[in-house]
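Peer 1: Structure provided below as structure tokens; questions to follow.
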Amino acid sequence: MTTAVIYHSVTGNTRKVAEAIAKSLSCAAQPVKEYPLDSEADVMFIGGAVYGGRLDAVMDSFLKALSPQKVKRAVLFSTSVKESKAIGLMRDILVRQGIAVDNETFVCKGKFLFFNLKHPNKTDLEQAEAFAQNVMRKR
């Protein structure tokens with residue numbers, strides 16, 4: 001089973017979570033800009049966040065370029081200052097693309113300006129690792 005961990009991170013928060021997930025799955029986390037769209041993944045963990053009320057254009061374009069022939073199932077994760085809208089936005093795009101999306105998701109706090117200064121922290125990253133392991137155990 002091929003597994004990929006793909007992310008887009010402006011502030012570094014989502015990158016940290018992606019790296020924790022990838023570590024627990026013994027693979028590498030890749031930024032969306034570096035992921036070859038012709039690659040195949042049975043399970044693709046995809047992480048992003050909302051900036052200015054919407055997904056970053058880089059993530060939006062990446063998701064719209066994915067195909068169900070290359071990505072069998074997506075598992076979503078995000079970081080957020082308050083509540084995460086990213087999961088719903090990413091899910092909507094992927095479903096429109098015909099890609100199956102897991103119901104299980106992972107969200108943790110992310111620092112921005114003076115908010116959540118110590119996040120994602122060690123506990124958040126350990127929870128991200130456990131989340132990924134739990135998702136893969138169910139396969």
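We label chains A, B, ... in the order they appear in the structure tokens, count residues from 1 in each chain, and number ligands from 1 in the order shown.
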Could you give me the residues within range 3-32 of chain A that DSSP places in alpha helix (DSSP H), as number ranges by chain?
Peer 2: A: 13-25
Peer 1: Could you save those same residues with C-alpha atoms as a short mmCIF file (atom, residue, chain, number, x, y, z; two decimals), in the first residue's frame?
Peer 2:
data_model
loop_
_atom_site.label_atom_id
_atom_site.label_comp_id
_atom_site.auth_asym_id
_atom_site.auth_seq_id
_atom_site.Cartn_x
_atom_site.Cartn_y
_atom_site.Cartn_z
CA ASN A 13 2.45 24.89 11.58
CA THR A 14 0.97 22.44 9.09
CA ARG A 15 4.47 21.40 7.98
CA LYS A 16 5.28 20.33 11.57
CA VAL A 17 2.13 18.22 11.75
CA ALA A 18 2.82 16.72 8.31
CA GLU A 19 6.33 15.77 9.38
CA ALA A 20 4.99 14.10 12.55
CA ILE A 21 2.44 12.13 10.52
CA ALA A 22 5.08 11.13 7.95
CA LYS A 23 7.50 10.07 10.70
CA SER A 24 4.89 7.75 12.18
CA LEU A 25 4.27 6.23 8.73
#
Peer 1: Write down as a PDB file with N, CA and C atoms, in the first residue's frame the residues of range 43-136 of chain A whose backbone DSSP state falls under strand (DSSP E or B).
Peer 2:
ATOM      1  N   VAL A  43      -3.325   5.818  -0.052  1.00  0.00           N
ATOM      2  CA  VAL A  43      -3.792   6.717   1.006  1.00  0.00           C
ATOM      3  C   VAL A  43      -2.922   7.964   0.966  1.00  0.00           C
ATOM      4  N   MET A  44      -3.566   9.111   0.830  1.00  0.00           N
ATOM      5  CA  MET A  44      -2.844  10.380   0.826  1.00  0.00           C
ATOM      6  C   MET A  44      -3.332  11.236   1.986  1.00  0.00           C
ATOM      7  N   PHE A  45      -2.434  11.502   2.936  1.00  0.00           N
ATOM      8  CA  PHE A  45      -2.721  12.441   4.018  1.00  0.00           C
ATOM      9  C   PHE A  45      -2.462  13.832   3.439  1.00  0.00           C
ATOM     10  N   ILE A  46      -3.452  14.709   3.529  1.00  0.00           N
ATOM     11  CA  ILE A  46      -3.343  16.046   2.947  1.00  0.00           C
ATOM     12  C   ILE A  46      -3.601  17.078   4.035  1.00  0.00           C
ATOM     13  N   GLY A  47      -2.643  18.002   4.217  1.00  0.00           N
ATOM     14  CA  GLY A  47      -2.774  19.030   5.248  1.00  0.00           C
ATOM     15  C   GLY A  47      -2.720  20.420   4.680  1.00  0.00           C
ATOM     16  N   VAL A  50      -6.554  27.537   6.463  1.00  0.00           N
ATOM     17  CA  VAL A  50      -7.271  28.653   5.857  1.00  0.00           C
ATOM     18  C   VAL A  50      -6.472  29.925   6.099  1.00  0.00           C
ATOM     19  N   TYR A  51      -6.346  30.714   5.065  1.00  0.00           N
ATOM     20  CA  TYR A  51      -5.666  32.008   5.143  1.00  0.00           C
ATOM     21  C   TYR A  51      -6.617  33.046   4.573  1.00  0.00           C
ATOM     22  N   ARG A  54     -10.084  31.544   3.330  1.00  0.00           N
ATOM     23  CA  ARG A  54     -10.175  30.510   2.286  1.00  0.00           C
ATOM     24  C   ARG A  54      -8.858  29.749   2.173  1.00  0.00           C
ATOM     25  N   LEU A  55      -8.910  28.658   1.443  1.00  0.00           N
ATOM     26  CA  LEU A  55      -7.688  27.898   1.198  1.00  0.00           C
ATOM     27  C   LEU A  55      -6.723  28.741   0.379  1.00  0.00           C
ATOM     28  N   VAL A  71      -5.227   8.891  -6.753  1.00  0.00           N
ATOM     29  CA  VAL A  71      -5.403   8.953  -5.298  1.00  0.00           C
ATOM     30  C   VAL A  71      -6.653   8.161  -4.926  1.00  0.00           C
ATOM     31  N   LYS A  72      -6.447   7.067  -4.229  1.00  0.00           N
ATOM     32  CA  LYS A  72      -7.582   6.196  -3.884  1.00  0.00           C
ATOM     33  C   LYS A  72      -8.381   6.723  -2.691  1.00  0.00           C
ATOM     34  N   ARG A  73      -7.684   7.268  -1.681  1.00  0.00           N
ATOM     35  CA  ARG A  73      -8.361   7.776  -0.491  1.00  0.00           C
ATOM     36  C   ARG A  73      -7.542   8.906   0.104  1.00  0.00           C
ATOM     37  N   ALA A  74      -8.229   9.957   0.543  1.00  0.00           N
ATOM     38  CA  ALA A  74      -7.573  11.101   1.185  1.00  0.00           C
ATOM     39  C   ALA A  74      -7.943  11.128   2.664  1.00  0.00           C
ATOM     40  N   VAL A  75      -6.961  11.503   3.480  1.00  0.00           N
ATOM     41  CA  VAL A  75      -7.154  11.700   4.918  1.00  0.00           C
ATOM     42  C   VAL A  75      -6.685  13.123   5.195  1.00  0.00           C
ATOM     43  N   LEU A  76      -7.545  13.935   5.790  1.00  0.00           N
ATOM     44  CA  LEU A  76      -7.270  15.370   5.921  1.00  0.00           C
ATOM     45  C   LEU A  76      -6.817  15.766   7.325  1.00  0.00           C
ATOM     46  N   PHE A  77      -5.909  16.756   7.365  1.00  0.00           N
ATOM     47  CA  PHE A  77      -5.469  17.331   8.633  1.00  0.00           C
ATOM     48  C   PHE A  77      -5.222  18.820   8.438  1.00  0.00           C
ATOM     49  N   SER A  78      -5.263  19.550   9.564  1.00  0.00           N
ATOM     50  CA  SER A  78      -5.129  21.002   9.485  1.00  0.00           C
ATOM     51  C   SER A  78      -4.664  21.574  10.815  1.00  0.00           C
ATOM     52  N   THR A  79      -4.147  22.792  10.749  1.00  0.00           N
ATOM     53  CA  THR A  79      -3.864  23.586  11.947  1.00  0.00           C
ATOM     54  C   THR A  79      -4.687  24.860  11.841  1.00  0.00           C
ATOM     55  N   SER A  80      -4.991  25.453  12.992  1.00  0.00           N
ATOM     56  CA  SER A  80      -5.877  26.602  12.968  1.00  0.00           C
ATOM     57  C   SER A  80      -5.711  27.444  14.229  1.00  0.00           C
ATOM     58  N   ALA A 100     -12.323   9.612  -2.743  1.00  0.00           N
ATOM     59  CA  ALA A 100     -12.888   9.220  -1.451  1.00  0.00           C
ATOM     60  C   ALA A 100     -12.121   9.923  -0.336  1.00  0.00           C
ATOM     61  N   VAL A 101     -12.860  10.438   0.652  1.00  0.00           N
ATOM     62  CA  VAL A 101     -12.250  11.160   1.771  1.00  0.00           C
ATOM     63  C   VAL A 101     -12.681  10.504   3.079  1.00  0.00           C
ATOM     64  N   PHE A 106      -7.754  15.223  11.476  1.00  0.00           N
ATOM     65  CA  PHE A 106      -6.959  15.704  12.603  1.00  0.00           C
ATOM     66  C   PHE A 106      -6.818  17.218  12.490  1.00  0.00           C
ATOM     67  N   VAL A 107      -7.115  17.913  13.589  1.00  0.00           N
ATOM     68  CA  VAL A 107      -6.962  19.370  13.655  1.00  0.00           C
ATOM     69  C   VAL A 107      -6.319  19.714  14.981  1.00  0.00           C
ATOM     70  N   CYS A 108      -5.332  20.601  14.951  1.00  0.00           N
ATOM     71  CA  CYS A 108      -4.763  21.113  16.204  1.00  0.00           C
ATOM     72  C   CYS A 108      -4.539  22.613  16.057  1.00  0.00           C
ATOM     73  N   LYS A 109      -4.287  23.244  17.187  1.00  0.00           N
ATOM     74  CA  LYS A 109      -4.017  24.670  17.181  1.00  0.00           C
ATOM     75  C   LYS A 109      -2.711  24.960  16.452  1.00  0.00           C
ATOM     76  N   PHE A 112      -0.210  31.910  15.365  1.00  0.00           N
ATOM     77  CA  PHE A 112      -0.305  32.991  14.393  1.00  0.00           C
ATOM     78  C   PHE A 112      -0.279  34.298  15.171  1.00  0.00           C
ATOM     79  N   PHE A 115      -1.337  34.544  18.925  1.00  0.00           N
ATOM     80  CA  PHE A 115      -2.278  33.504  19.316  1.00  0.00           C
ATOM     81  C   PHE A 115      -1.596  32.132  19.296  1.00  0.00           C
TER      82      PHE A 115
END
Peer 1: Asp38 in chain A: which residues within 10 Å, counting only C-alpha atoms, same-chain residues fewer than 6 positions away excluded, as a ChimeraX atom specification?
Peer 2: /A:66-67,69-71
